[in-house]
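Asker: Provided herewith: my_file08.txt, compact mmCIF, N, CA and C atoms and all ligand atoms.
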# COMPACT_ATOMS: atom_id res chain seq x y z
N MET V 195 -7.90 -17.39 3.49
CA MET V 195 -8.14 -16.86 2.14
C MET V 195 -9.61 -16.57 1.92
N LYS V 196 -9.90 -15.45 1.28
CA LYS V 196 -11.30 -15.12 1.00
C LYS V 196 -11.62 -15.53 -0.44
N LYS V 197 -12.74 -16.23 -0.55
CA LYS V 197 -13.19 -16.69 -1.86
C LYS V 197 -13.38 -15.48 -2.78
N ASP V 198 -12.98 -15.64 -4.02
CA ASP V 198 -13.18 -14.59 -5.02
C ASP V 198 -12.33 -13.33 -4.79
N CYS V 199 -11.31 -13.40 -3.92
CA CYS V 199 -10.43 -12.24 -3.75
C CYS V 199 -9.19 -12.47 -4.60
N ILE V 200 -9.00 -11.61 -5.58
CA ILE V 200 -7.89 -11.77 -6.53
C ILE V 200 -6.53 -11.69 -5.81
N PHE V 201 -6.41 -10.81 -4.82
CA PHE V 201 -5.12 -10.67 -4.13
C PHE V 201 -4.86 -11.85 -3.19
N CYS V 202 -5.91 -12.48 -2.65
CA CYS V 202 -5.70 -13.73 -1.90
C CYS V 202 -5.10 -14.78 -2.82
N LYS V 203 -5.64 -14.86 -4.02
CA LYS V 203 -5.16 -15.88 -4.98
C LYS V 203 -3.73 -15.58 -5.42
N ILE V 204 -3.43 -14.33 -5.67
CA ILE V 204 -2.07 -13.97 -6.09
C ILE V 204 -1.09 -14.17 -4.93
N ALA V 205 -1.46 -13.67 -3.76
CA ALA V 205 -0.53 -13.73 -2.60
C ALA V 205 -0.19 -15.17 -2.25
N ASN V 206 -1.17 -16.08 -2.42
CA ASN V 206 -0.96 -17.48 -2.04
C ASN V 206 -0.53 -18.36 -3.21
N GLY V 207 -0.23 -17.74 -4.35
CA GLY V 207 0.37 -18.47 -5.47
C GLY V 207 -0.62 -19.23 -6.33
N GLU V 208 -1.92 -19.02 -6.10
CA GLU V 208 -2.94 -19.71 -6.91
C GLU V 208 -2.98 -19.10 -8.31
N ILE V 209 -2.66 -17.81 -8.38
CA ILE V 209 -2.50 -17.12 -9.67
C ILE V 209 -1.06 -16.65 -9.71
N SER V 210 -0.37 -16.91 -10.83
CA SER V 210 1.05 -16.54 -10.89
C SER V 210 1.21 -15.02 -11.03
N SER V 211 2.33 -14.54 -10.56
CA SER V 211 2.59 -13.10 -10.59
C SER V 211 4.09 -12.88 -10.68
N ALA V 212 4.47 -11.68 -11.09
CA ALA V 212 5.89 -11.30 -11.08
C ALA V 212 6.24 -10.96 -9.64
N THR V 213 6.89 -11.91 -8.96
CA THR V 213 7.13 -11.81 -7.51
C THR V 213 8.54 -11.30 -7.23
N LEU V 214 8.61 -10.18 -6.51
CA LEU V 214 9.91 -9.62 -6.12
C LEU V 214 10.40 -10.23 -4.82
N TYR V 215 9.45 -10.64 -3.98
CA TYR V 215 9.80 -11.12 -2.63
C TYR V 215 8.66 -11.98 -2.11
N GLU V 216 9.01 -13.03 -1.36
CA GLU V 216 7.97 -13.85 -0.72
C GLU V 216 8.51 -14.41 0.59
N ASP V 217 7.65 -14.43 1.61
CA ASP V 217 7.97 -15.18 2.84
C ASP V 217 6.66 -15.81 3.32
N ASP V 218 6.64 -16.29 4.57
CA ASP V 218 5.44 -17.00 5.06
C ASP V 218 4.19 -16.12 5.09
N GLU V 219 4.41 -14.83 5.28
CA GLU V 219 3.27 -13.92 5.51
C GLU V 219 2.95 -12.97 4.37
N PHE V 220 3.94 -12.74 3.47
CA PHE V 220 3.78 -11.71 2.45
C PHE V 220 4.26 -12.18 1.09
N ARG V 221 3.68 -11.57 0.05
CA ARG V 221 4.24 -11.63 -1.29
C ARG V 221 4.29 -10.18 -1.81
N VAL V 222 5.39 -9.83 -2.45
CA VAL V 222 5.51 -8.50 -3.06
C VAL V 222 5.59 -8.70 -4.57
N ILE V 223 4.64 -8.07 -5.28
CA ILE V 223 4.51 -8.30 -6.73
C ILE V 223 4.61 -6.99 -7.50
N LEU V 224 4.84 -7.13 -8.80
CA LEU V 224 4.76 -5.95 -9.66
C LEU V 224 3.30 -5.68 -10.01
N ASP V 225 2.92 -4.41 -9.94
CA ASP V 225 1.56 -3.99 -10.29
C ASP V 225 1.36 -4.17 -11.80
N MET V 226 0.19 -4.67 -12.19
CA MET V 226 -0.04 -4.92 -13.62
C MET V 226 -0.43 -3.64 -14.39
N GLY V 227 -0.71 -2.59 -13.65
CA GLY V 227 -1.00 -1.30 -14.31
C GLY V 227 -0.13 -0.23 -13.68
N PRO V 228 1.19 -0.32 -13.86
CA PRO V 228 2.12 0.48 -13.06
C PRO V 228 2.02 1.99 -13.29
N ALA V 229 2.11 2.73 -12.18
CA ALA V 229 2.19 4.19 -12.25
C ALA V 229 3.57 4.63 -12.71
N SER V 230 4.57 3.78 -12.50
CA SER V 230 5.94 4.06 -12.95
C SER V 230 6.66 2.73 -13.07
N ARG V 231 7.86 2.75 -13.64
CA ARG V 231 8.63 1.53 -13.83
C ARG V 231 9.00 0.91 -12.48
N GLY V 232 8.55 -0.31 -12.24
CA GLY V 232 8.89 -0.99 -10.99
C GLY V 232 7.81 -0.91 -9.92
N HIS V 233 6.70 -0.23 -10.20
CA HIS V 233 5.59 -0.11 -9.23
C HIS V 233 5.25 -1.50 -8.65
N ALA V 234 5.34 -1.59 -7.34
CA ALA V 234 5.16 -2.89 -6.67
C ALA V 234 4.06 -2.80 -5.61
N LEU V 235 3.56 -3.95 -5.22
CA LEU V 235 2.50 -4.05 -4.21
C LEU V 235 2.91 -5.05 -3.14
N ILE V 236 2.82 -4.65 -1.88
CA ILE V 236 3.03 -5.57 -0.76
C ILE V 236 1.68 -6.17 -0.40
N LEU V 237 1.59 -7.50 -0.48
CA LEU V 237 0.33 -8.19 -0.18
C LEU V 237 0.52 -9.15 1.00
N PRO V 238 -0.25 -9.02 2.08
CA PRO V 238 -0.25 -10.08 3.08
C PRO V 238 -0.94 -11.32 2.51
N LYS V 239 -0.53 -12.50 2.94
CA LYS V 239 -1.16 -13.73 2.45
C LYS V 239 -2.53 -13.95 3.08
N GLU V 240 -2.70 -13.45 4.31
CA GLU V 240 -4.03 -13.50 4.95
C GLU V 240 -4.88 -12.38 4.37
N HIS V 241 -6.19 -12.58 4.35
CA HIS V 241 -7.09 -11.54 3.85
C HIS V 241 -7.46 -10.55 4.95
N TYR V 242 -7.16 -9.27 4.72
CA TYR V 242 -7.66 -8.16 5.54
C TYR V 242 -8.14 -7.14 4.53
N SER V 243 -9.35 -6.62 4.72
CA SER V 243 -9.88 -5.75 3.67
C SER V 243 -9.14 -4.42 3.57
N ASP V 244 -8.68 -3.91 4.71
CA ASP V 244 -7.97 -2.61 4.68
C ASP V 244 -7.16 -2.45 5.96
N LEU V 245 -6.56 -1.29 6.11
CA LEU V 245 -5.66 -1.06 7.25
C LEU V 245 -6.39 -1.21 8.59
N CYS V 246 -7.65 -0.76 8.63
CA CYS V 246 -8.40 -0.82 9.89
C CYS V 246 -8.63 -2.25 10.36
N GLN V 247 -8.63 -3.20 9.42
CA GLN V 247 -8.85 -4.62 9.74
C GLN V 247 -7.54 -5.38 9.96
N LEU V 248 -6.43 -4.76 9.60
CA LEU V 248 -5.14 -5.47 9.57
C LEU V 248 -4.69 -5.90 10.97
N ASP V 249 -4.26 -7.14 11.11
CA ASP V 249 -3.69 -7.64 12.36
C ASP V 249 -2.46 -6.79 12.72
N GLU V 250 -2.32 -6.46 13.99
CA GLU V 250 -1.25 -5.53 14.39
C GLU V 250 0.15 -6.12 14.18
N ALA V 251 0.28 -7.44 14.39
CA ALA V 251 1.60 -8.06 14.18
C ALA V 251 1.96 -8.06 12.70
N VAL V 252 0.98 -8.25 11.84
CA VAL V 252 1.22 -8.18 10.40
C VAL V 252 1.55 -6.73 10.02
N ALA V 253 0.77 -5.80 10.57
CA ALA V 253 0.99 -4.38 10.29
C ALA V 253 2.42 -3.97 10.66
N ALA V 254 2.92 -4.51 11.75
CA ALA V 254 4.26 -4.13 12.21
C ALA V 254 5.35 -4.59 11.24
N ARG V 255 5.03 -5.55 10.37
CA ARG V 255 6.03 -6.03 9.42
C ARG V 255 5.98 -5.27 8.09
N VAL V 256 4.92 -4.50 7.87
CA VAL V 256 4.73 -3.88 6.55
C VAL V 256 5.78 -2.79 6.28
N LEU V 257 6.01 -1.92 7.24
CA LEU V 257 6.95 -0.82 6.99
C LEU V 257 8.39 -1.31 6.84
N PRO V 258 8.87 -2.24 7.68
CA PRO V 258 10.21 -2.80 7.44
C PRO V 258 10.34 -3.44 6.05
N LEU V 259 9.25 -4.08 5.60
CA LEU V 259 9.28 -4.70 4.27
C LEU V 259 9.33 -3.63 3.18
N ALA V 260 8.56 -2.57 3.37
CA ALA V 260 8.59 -1.45 2.41
C ALA V 260 10.00 -0.84 2.36
N LYS V 261 10.63 -0.76 3.52
CA LYS V 261 12.01 -0.22 3.58
C LYS V 261 12.96 -1.13 2.81
N LYS V 262 12.84 -2.44 3.03
CA LYS V 262 13.72 -3.40 2.36
C LYS V 262 13.54 -3.34 0.84
N LEU V 263 12.29 -3.36 0.40
CA LEU V 263 12.01 -3.34 -1.04
C LEU V 263 12.39 -1.99 -1.65
N GLY V 264 12.03 -0.91 -0.97
CA GLY V 264 12.35 0.43 -1.48
C GLY V 264 13.85 0.62 -1.64
N THR V 265 14.60 0.11 -0.70
CA THR V 265 16.07 0.22 -0.75
C THR V 265 16.61 -0.58 -1.94
N ALA V 266 16.13 -1.80 -2.09
CA ALA V 266 16.60 -2.65 -3.19
C ALA V 266 16.19 -2.07 -4.54
N MET V 267 14.96 -1.55 -4.62
CA MET V 267 14.47 -1.00 -5.89
C MET V 267 15.23 0.26 -6.27
N THR V 268 15.60 1.05 -5.28
CA THR V 268 16.37 2.27 -5.55
C THR V 268 17.70 1.91 -6.21
N LYS V 269 18.34 0.85 -5.68
CA LYS V 269 19.62 0.42 -6.26
C LYS V 269 19.42 -0.24 -7.61
N ALA V 270 18.43 -1.14 -7.70
CA ALA V 270 18.28 -1.96 -8.91
C ALA V 270 17.71 -1.18 -10.08
N LEU V 271 16.82 -0.24 -9.79
CA LEU V 271 16.11 0.46 -10.87
C LEU V 271 16.64 1.87 -11.09
N ASN V 272 17.57 2.29 -10.20
CA ASN V 272 18.11 3.65 -10.31
C ASN V 272 17.04 4.72 -10.19
N CYS V 273 16.02 4.46 -9.40
CA CYS V 273 15.03 5.51 -9.20
C CYS V 273 15.61 6.55 -8.22
N ASP V 274 15.00 7.72 -8.23
CA ASP V 274 15.52 8.83 -7.43
C ASP V 274 14.76 9.02 -6.12
N GLY V 275 13.72 8.21 -5.95
CA GLY V 275 12.90 8.24 -4.73
C GLY V 275 11.76 7.27 -4.94
N PHE V 276 10.92 7.15 -3.93
CA PHE V 276 9.72 6.31 -4.11
C PHE V 276 8.65 6.78 -3.14
N ASN V 277 7.40 6.57 -3.54
CA ASN V 277 6.26 6.86 -2.68
C ASN V 277 5.70 5.55 -2.14
N LEU V 278 5.30 5.58 -0.87
CA LEU V 278 4.47 4.51 -0.31
C LEU V 278 3.04 5.04 -0.31
N VAL V 279 2.14 4.28 -0.92
CA VAL V 279 0.73 4.70 -1.00
C VAL V 279 -0.11 3.54 -0.51
N GLN V 280 -1.11 3.86 0.29
CA GLN V 280 -1.94 2.78 0.86
C GLN V 280 -3.36 3.32 0.95
N ASN V 281 -4.22 2.85 0.05
CA ASN V 281 -5.58 3.36 -0.04
C ASN V 281 -6.53 2.53 0.81
N ASN V 282 -7.41 3.21 1.53
CA ASN V 282 -8.42 2.54 2.37
C ASN V 282 -9.80 3.06 2.02
N GLY V 283 -10.63 2.20 1.44
CA GLY V 283 -11.98 2.60 1.08
C GLY V 283 -12.06 3.08 -0.35
N GLU V 284 -13.22 2.84 -0.95
CA GLU V 284 -13.39 3.23 -2.35
C GLU V 284 -13.23 4.72 -2.54
N ALA V 285 -13.68 5.51 -1.55
CA ALA V 285 -13.58 6.97 -1.68
C ALA V 285 -12.12 7.41 -1.74
N ALA V 286 -11.23 6.58 -1.18
CA ALA V 286 -9.80 6.88 -1.19
C ALA V 286 -9.09 6.27 -2.40
N GLY V 287 -9.86 5.64 -3.27
CA GLY V 287 -9.26 5.06 -4.47
C GLY V 287 -8.92 3.59 -4.36
N GLN V 288 -9.34 2.95 -3.27
CA GLN V 288 -9.06 1.51 -3.14
C GLN V 288 -9.98 0.73 -4.09
N THR V 289 -9.39 -0.02 -4.99
CA THR V 289 -10.17 -0.79 -5.96
C THR V 289 -10.14 -2.28 -5.65
N VAL V 290 -9.11 -2.76 -4.96
CA VAL V 290 -9.05 -4.16 -4.55
C VAL V 290 -9.13 -4.20 -3.03
N LEU V 291 -10.19 -4.82 -2.52
CA LEU V 291 -10.47 -4.74 -1.09
C LEU V 291 -9.75 -5.83 -0.31
N HIS V 292 -8.46 -5.91 -0.52
CA HIS V 292 -7.53 -6.77 0.24
C HIS V 292 -6.37 -5.84 0.53
N PHE V 293 -6.04 -5.64 1.82
CA PHE V 293 -5.00 -4.67 2.17
C PHE V 293 -3.77 -4.82 1.29
N HIS V 294 -3.25 -3.70 0.82
CA HIS V 294 -1.98 -3.71 0.09
C HIS V 294 -1.31 -2.36 0.22
N MET V 295 -0.01 -2.35 0.12
CA MET V 295 0.74 -1.10 0.09
C MET V 295 1.48 -1.00 -1.22
N HIS V 296 1.32 0.17 -1.87
CA HIS V 296 2.03 0.43 -3.12
C HIS V 296 3.43 0.96 -2.81
N ILE V 297 4.41 0.49 -3.57
CA ILE V 297 5.74 1.11 -3.57
C ILE V 297 5.92 1.62 -5.00
N ILE V 298 5.97 2.95 -5.14
CA ILE V 298 5.98 3.56 -6.48
C ILE V 298 7.31 4.28 -6.70
N PRO V 299 8.20 3.69 -7.49
CA PRO V 299 9.47 4.36 -7.76
C PRO V 299 9.25 5.69 -8.47
N ARG V 300 10.05 6.68 -8.14
CA ARG V 300 9.95 8.00 -8.77
C ARG V 300 11.27 8.35 -9.43
N TYR V 301 11.18 8.93 -10.60
CA TYR V 301 12.35 9.25 -11.41
C TYR V 301 12.40 10.76 -11.61
N ALA V 302 13.56 11.35 -11.39
CA ALA V 302 13.70 12.81 -11.51
C ALA V 302 13.17 13.27 -12.86
N GLY V 303 12.36 14.33 -12.83
CA GLY V 303 11.80 14.86 -14.07
C GLY V 303 10.57 14.11 -14.55
N GLY V 304 10.19 13.04 -13.85
CA GLY V 304 9.02 12.24 -14.24
C GLY V 304 7.72 12.95 -13.86
N PRO V 305 6.59 12.34 -14.24
CA PRO V 305 5.29 12.97 -13.98
C PRO V 305 4.95 13.00 -12.49
N LYS V 306 4.07 13.95 -12.13
CA LYS V 306 3.53 13.98 -10.76
C LYS V 306 2.64 12.77 -10.60
N ILE V 307 2.82 12.03 -9.53
CA ILE V 307 2.00 10.84 -9.32
C ILE V 307 1.16 11.00 -8.06
N VAL V 308 1.80 11.40 -6.99
CA VAL V 308 1.06 11.61 -5.74
C VAL V 308 1.19 13.08 -5.39
N ALA V 309 0.14 13.87 -5.67
CA ALA V 309 0.23 15.31 -5.45
C ALA V 309 -1.16 15.89 -5.23
N TRP V 310 -1.23 16.97 -4.48
CA TRP V 310 -2.51 17.66 -4.31
C TRP V 310 -2.25 19.14 -4.16
N GLU V 311 -3.31 19.95 -4.46
CA GLU V 311 -3.25 21.39 -4.26
C GLU V 311 -3.50 21.66 -2.78
N PRO V 312 -2.60 22.41 -2.09
CA PRO V 312 -2.86 22.71 -0.68
C PRO V 312 -4.19 23.46 -0.52
N GLY V 313 -5.03 23.04 0.42
CA GLY V 313 -6.32 23.69 0.66
C GLY V 313 -6.20 24.75 1.74
N LYS V 314 -7.36 25.19 2.27
CA LYS V 314 -7.38 26.20 3.33
C LYS V 314 -8.04 25.60 4.57
N THR V 315 -7.63 26.09 5.73
CA THR V 315 -8.26 25.66 6.98
C THR V 315 -8.24 26.85 7.93
N SER V 316 -8.82 26.70 9.10
CA SER V 316 -8.86 27.79 10.09
C SER V 316 -8.55 27.20 11.46
N ASP V 317 -8.23 28.10 12.42
CA ASP V 317 -7.97 27.63 13.79
C ASP V 317 -9.19 26.91 14.34
N GLU V 318 -10.38 27.45 14.04
CA GLU V 318 -11.62 26.87 14.55
C GLU V 318 -11.84 25.45 13.98
N GLU V 319 -11.66 25.35 12.68
CA GLU V 319 -11.86 24.04 12.04
C GLU V 319 -10.85 23.02 12.58
N ARG V 320 -9.60 23.43 12.71
CA ARG V 320 -8.59 22.49 13.22
C ARG V 320 -8.93 22.06 14.64
N ALA V 321 -9.42 23.01 15.46
CA ALA V 321 -9.79 22.66 16.85
C ALA V 321 -10.93 21.65 16.86
N GLN V 322 -11.92 21.84 15.96
CA GLN V 322 -13.05 20.88 15.89
C GLN V 322 -12.56 19.50 15.49
N ILE V 323 -11.65 19.46 14.52
CA ILE V 323 -11.13 18.17 14.04
C ILE V 323 -10.36 17.47 15.15
N VAL V 324 -9.50 18.21 15.83
CA VAL V 324 -8.70 17.63 16.92
C VAL V 324 -9.62 17.05 17.99
N GLU V 325 -10.65 17.79 18.36
CA GLU V 325 -11.57 17.31 19.40
C GLU V 325 -12.29 16.04 18.95
N ALA V 326 -12.78 16.05 17.73
CA ALA V 326 -13.55 14.90 17.22
C ALA V 326 -12.69 13.65 17.12
N VAL V 327 -11.50 13.79 16.61
CA VAL V 327 -10.64 12.59 16.43
C VAL V 327 -10.15 12.09 17.77
N ARG V 328 -9.72 12.99 18.64
CA ARG V 328 -9.20 12.55 19.94
C ARG V 328 -10.26 11.80 20.74
N ALA V 329 -11.52 12.18 20.55
CA ALA V 329 -12.61 11.50 21.26
C ALA V 329 -12.78 10.04 20.82
N GLU V 330 -12.28 9.71 19.65
CA GLU V 330 -12.43 8.34 19.13
C GLU V 330 -11.21 7.46 19.38
N LEU V 331 -10.12 8.04 19.91
CA LEU V 331 -8.88 7.25 20.07
C LEU V 331 -8.95 6.32 21.29
P1 LIG L 401 -5.79 0.23 -5.18
O1 LIG L 401 -6.38 1.26 -6.12
O2 LIG L 401 -6.82 -0.75 -4.70
O3 LIG L 401 -4.99 0.85 -4.09
O4 LIG L 401 -4.73 -0.54 -6.06
C1 LIG L 401 -4.98 -1.72 -6.74
C2 LIG L 401 -3.80 -1.95 -7.64
O5 LIG L 401 -3.78 -3.31 -8.00
C3 LIG L 401 -3.83 -1.14 -8.94
O6 LIG L 401 -2.64 -0.38 -9.04
C4 LIG L 401 -3.95 -2.21 -10.03
O7 LIG L 401 -3.20 -1.88 -11.17
C5 LIG L 401 -3.39 -3.44 -9.34
N1 LIG L 401 -3.98 -4.69 -9.77
C6 LIG L 401 -5.31 -4.99 -9.87
N2 LIG L 401 -5.47 -6.27 -10.25
C7 LIG L 401 -4.22 -6.80 -10.39
C8 LIG L 401 -3.75 -8.11 -10.77
O8 LIG L 401 -4.51 -9.03 -11.08
N3 LIG L 401 -2.39 -8.28 -10.80
C9 LIG L 401 -1.53 -7.27 -10.48
N4 LIG L 401 -0.22 -7.55 -10.52
N5 LIG L 401 -1.94 -6.04 -10.12
C10 LIG L 401 -3.27 -5.80 -10.07
ZN ZN L 402 -7.97 -11.30 -0.08
Starting from the coordinates I provided, produce the structure as structure tokens.
Answerer:
Amino acid sequence: MKKDCIFCKIANGEISSATLYEDDEFRVILDMGPASRGHALILPKEHYSDLCQLDEAVAARVLPLAKKLGTAMTKALNCDGFNLVQNNGEAAGQTVLHFHMHIIPRYAGGPKIVAWEPGKTSDEERAQIVEAVRAEL
């Protein structure tokens, strides 16, 4: 646990939360500022600041957990879909620096929550990006 990390305290039960699911490694809670009805957060109990720091064995459990919760929430809340959102870095909108994945239920006819205007690119730019990223893998 990291001192002064709010999600460490919530995940480990030091601060109470509306908990949808808990096991040895994770707690899934309702977001206190929900983007939609049922907006939930998957929190590992160990502290990792973001995806790049996340232990691979823990990472391997996140998507199955999102599947389990998303499936249950679809039935329980009658949502018509859901988004998985996972922000890394302040520039990406991460406000709590303890890895978490959002599960955001979506309701037909509801507001746009995760959307962007398609931009423009070129063959040259894509080739530069591919070369740069592949060099770091
Ligand atoms: P981020 O922007 O870092 O991806 O998302 C942080 C999320 O955590 C936000 O949606 C925010 O509403 C939620 N949040 C921040 N503090 C608390 C808290 O103390 N309790 C709960 N349940 N959610 C929180
Ligand atoms: Zn933490």
Asker: One decimal, Å: what's the distance from atom C of Glu240 in chain V over to CA of Phe293 in chain V, could you say?
Answerer: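 Taking atom C of Glu240 in chain V as the start and CA of Phe293 in chain V as the end point, the length is 8.0 Å.
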Asker: Which residues in chain V does DSSP call helix (DSSP H, G or I)? List them as a PyMOL selection string.
Answerer: chain V and resi 200-205+245-247+250-271+284-286+317-330
Asker: Output N, CA and C atoms for every residue in that selection, as a CSV table (one decimal), keeping the file's coordinate frame.
Answerer:
chain,number,residue,atom,x,y,z
V,200,ILE,N,-9.0,-11.6,-5.6
V,200,ILE,CA,-7.9,-11.8,-6.5
V,200,ILE,C,-6.5,-11.7,-5.8
V,201,PHE,N,-6.4,-10.8,-4.8
V,201,PHE,CA,-5.1,-10.7,-4.1
V,201,PHE,C,-4.9,-11.8,-3.2
V,202,CYS,N,-5.9,-12.5,-2.6
V,202,CYS,CA,-5.7,-13.7,-1.9
V,202,CYS,C,-5.1,-14.8,-2.8
V,203,LYS,N,-5.6,-14.9,-4.0
V,203,LYS,CA,-5.2,-15.9,-5.0
V,203,LYS,C,-3.7,-15.6,-5.4
V,204,ILE,N,-3.4,-14.3,-5.7
V,204,ILE,CA,-2.1,-14.0,-6.1
V,204,ILE,C,-1.1,-14.2,-4.9
V,205,ALA,N,-1.5,-13.7,-3.8
V,205,ALA,CA,-0.5,-13.7,-2.6
V,205,ALA,C,-0.2,-15.2,-2.2
V,245,LEU,N,-6.6,-1.3,6.1
V,245,LEU,CA,-5.7,-1.1,7.2
V,245,LEU,C,-6.4,-1.2,8.6
V,246,CYS,N,-7.6,-0.8,8.6
V,246,CYS,CA,-8.4,-0.8,9.9
V,246,CYS,C,-8.6,-2.2,10.4
V,247,GLN,N,-8.6,-3.2,9.4
V,247,GLN,CA,-8.8,-4.6,9.7
V,247,GLN,C,-7.5,-5.4,10.0
V,250,GLU,N,-2.3,-6.5,14.0
V,250,GLU,CA,-1.2,-5.5,14.4
V,250,GLU,C,0.2,-6.1,14.2
V,251,ALA,N,0.3,-7.4,14.4
V,251,ALA,CA,1.6,-8.1,14.2
V,251,ALA,C,2.0,-8.1,12.7
V,252,VAL,N,1.0,-8.2,11.8
V,252,VAL,CA,1.2,-8.2,10.4
V,252,VAL,C,1.6,-6.7,10.0
V,253,ALA,N,0.8,-5.8,10.6
V,253,ALA,CA,1.0,-4.4,10.3
V,253,ALA,C,2.4,-4.0,10.7
V,254,ALA,N,2.9,-4.5,11.8
V,254,ALA,CA,4.3,-4.1,12.2
V,254,ALA,C,5.4,-4.6,11.2
V,255,ARG,N,5.0,-5.6,10.4
V,255,ARG,CA,6.0,-6.0,9.4
V,255,ARG,C,6.0,-5.3,8.1
V,256,VAL,N,4.9,-4.5,7.9
V,256,VAL,CA,4.7,-3.9,6.6
V,256,VAL,C,5.8,-2.8,6.3
V,257,LEU,N,6.0,-1.9,7.2
V,257,LEU,CA,7.0,-0.8,7.0
V,257,LEU,C,8.4,-1.3,6.8
V,258,PRO,N,8.9,-2.2,7.7
V,258,PRO,CA,10.2,-2.8,7.4
V,258,PRO,C,10.3,-3.4,6.0
V,259,LEU,N,9.2,-4.1,5.6
V,259,LEU,CA,9.3,-4.7,4.3
V,259,LEU,C,9.3,-3.6,3.2
V,260,ALA,N,8.6,-2.6,3.4
V,260,ALA,CA,8.6,-1.4,2.4
V,260,ALA,C,10.0,-0.8,2.4
V,261,LYS,N,10.6,-0.8,3.5
V,261,LYS,CA,12.0,-0.2,3.6
V,261,LYS,C,13.0,-1.1,2.8
V,262,LYS,N,12.8,-2.4,3.0
V,262,LYS,CA,13.7,-3.4,2.4
V,262,LYS,C,13.5,-3.3,0.8
V,263,LEU,N,12.3,-3.4,0.4
V,263,LEU,CA,12.0,-3.3,-1.0
V,263,LEU,C,12.4,-2.0,-1.6
V,264,GLY,N,12.0,-0.9,-1.0
V,264,GLY,CA,12.4,0.4,-1.5
V,264,GLY,C,13.8,0.6,-1.6
V,265,THR,N,14.6,0.1,-0.7
V,265,THR,CA,16.1,0.2,-0.8
V,265,THR,C,16.6,-0.6,-1.9
V,266,ALA,N,16.1,-1.8,-2.1
V,266,ALA,CA,16.6,-2.6,-3.2
V,266,ALA,C,16.2,-2.1,-4.5
V,267,MET,N,15.0,-1.6,-4.6
V,267,MET,CA,14.5,-1.0,-5.9
V,267,MET,C,15.2,0.3,-6.3
V,268,THR,N,15.6,1.0,-5.3
V,268,THR,CA,16.4,2.3,-5.6
V,268,THR,C,17.7,1.9,-6.2
V,269,LYS,N,18.3,0.8,-5.7
V,269,LYS,CA,19.6,0.4,-6.3
V,269,LYS,C,19.4,-0.2,-7.6
V,270,ALA,N,18.4,-1.1,-7.7
V,270,ALA,CA,18.3,-2.0,-8.9
V,270,ALA,C,17.7,-1.2,-10.1
V,271,LEU,N,16.8,-0.2,-9.8
V,271,LEU,CA,16.1,0.5,-10.9
V,271,LEU,C,16.6,1.9,-11.1
V,284,GLU,N,-13.2,2.8,-1.0
V,284,GLU,CA,-13.4,3.2,-2.4
V,284,GLU,C,-13.2,4.7,-2.5
V,285,ALA,N,-13.7,5.5,-1.6
V,285,ALA,CA,-13.6,7.0,-1.7
V,285,ALA,C,-12.1,7.4,-1.7
V,286,ALA,N,-11.2,6.6,-1.2
V,286,ALA,CA,-9.8,6.9,-1.2
V,286,ALA,C,-9.1,6.3,-2.4
V,317,ASP,N,-8.2,28.1,12.4
V,317,ASP,CA,-8.0,27.6,13.8
V,317,ASP,C,-9.2,26.9,14.3
V,318,GLU,N,-10.4,27.4,14.0
V,318,GLU,CA,-11.6,26.9,14.6
V,318,GLU,C,-11.8,25.4,14.0
V,319,GLU,N,-11.7,25.4,12.7
V,319,GLU,CA,-11.9,24.0,12.0
V,319,GLU,C,-10.8,23.0,12.6
V,320,ARG,N,-9.6,23.4,12.7
V,320,ARG,CA,-8.6,22.5,13.2
V,320,ARG,C,-8.9,22.1,14.6
V,321,ALA,N,-9.4,23.0,15.5
V,321,ALA,CA,-9.8,22.7,16.8
V,321,ALA,C,-10.9,21.6,16.9
V,322,GLN,N,-11.9,21.8,16.0
V,322,GLN,CA,-13.0,20.9,15.9
V,322,GLN,C,-12.6,19.5,15.5
V,323,ILE,N,-11.6,19.5,14.5
V,323,ILE,CA,-11.1,18.2,14.0
V,323,ILE,C,-10.4,17.5,15.2
V,324,VAL,N,-9.5,18.2,15.8
V,324,VAL,CA,-8.7,17.6,16.9
V,324,VAL,C,-9.6,17.0,18.0
V,325,GLU,N,-10.6,17.8,18.4
V,325,GLU,CA,-11.6,17.3,19.4
V,325,GLU,C,-12.3,16.0,19.0
V,326,ALA,N,-12.8,16.0,17.7
V,326,ALA,CA,-13.6,14.9,17.2
V,326,ALA,C,-12.7,13.6,17.1
V,327,VAL,N,-11.5,13.8,16.6
V,327,VAL,CA,-10.6,12.6,16.4
V,327,VAL,C,-10.2,12.1,17.8
V,328,ARG,N,-9.7,13.0,18.6
V,328,ARG,CA,-9.2,12.6,19.9
V,328,ARG,C,-10.3,11.8,20.7
V,329,ALA,N,-11.5,12.2,20.6
V,329,ALA,CA,-12.6,11.5,21.3
V,329,ALA,C,-12.8,10.0,20.8
V,330,GLU,N,-12.3,9.7,19.6
V,330,GLU,CA,-12.4,8.3,19.1
V,330,GLU,C,-11.2,7.5,19.4
Asker: Write out, as a Markdown table, each residue of chain V that has an atom at most 5 Å from ligand ZN 402 (chain L), together with the closest pair of atoms and their distance in Å to one decimal, counting all atoms listed in the file, rows going by chain and rising number.
Answerer:
| residue | atom | partner | partner_atom | distance |
| --- | --- | --- | --- | --- |
| V:Lys196 | N | L:ZN402 | ZN | 4.8 |
| V:Cys199 | CA | L:ZN402 | ZN | 4.5 |
| V:Phe201 | C | L:ZN402 | ZN | 4.4 |
| V:Cys202 | N | L:ZN402 | ZN | 3.5 |
| V:His241 | CA | L:ZN402 | ZN | 4.0 |
| V:His292 | CA | L:ZN402 | ZN | 4.6 |
Asker: Which residues are near ligand LIG 401 (chain L) in this structure, taking near to mean any atom at most 5 Å from a ligand atom and counting only N, CA and C atoms and all ligand atoms? Format them as a list in words.
Answerer: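 Sorted by chain and then by number, the residues are Leu224, Asp225, Met226, Gly227, Asn281, Gly287, Gln288, Thr289 and Val290 of chain V.
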Asker: Could you work out how far CA of Leu245 in chain V lies from atom C of Met295 in chain V, giving the answer in Å with one decimal?
Answerer: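 It comes out at 11.1 Å.
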Asker: Please indicate the distance in Å from atom C of Gly264 in chain V to atom C of Gly303 in chain V, rounded to one decimal place.
Answerer: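 Between these atoms lies a distance of 19.0 Å.
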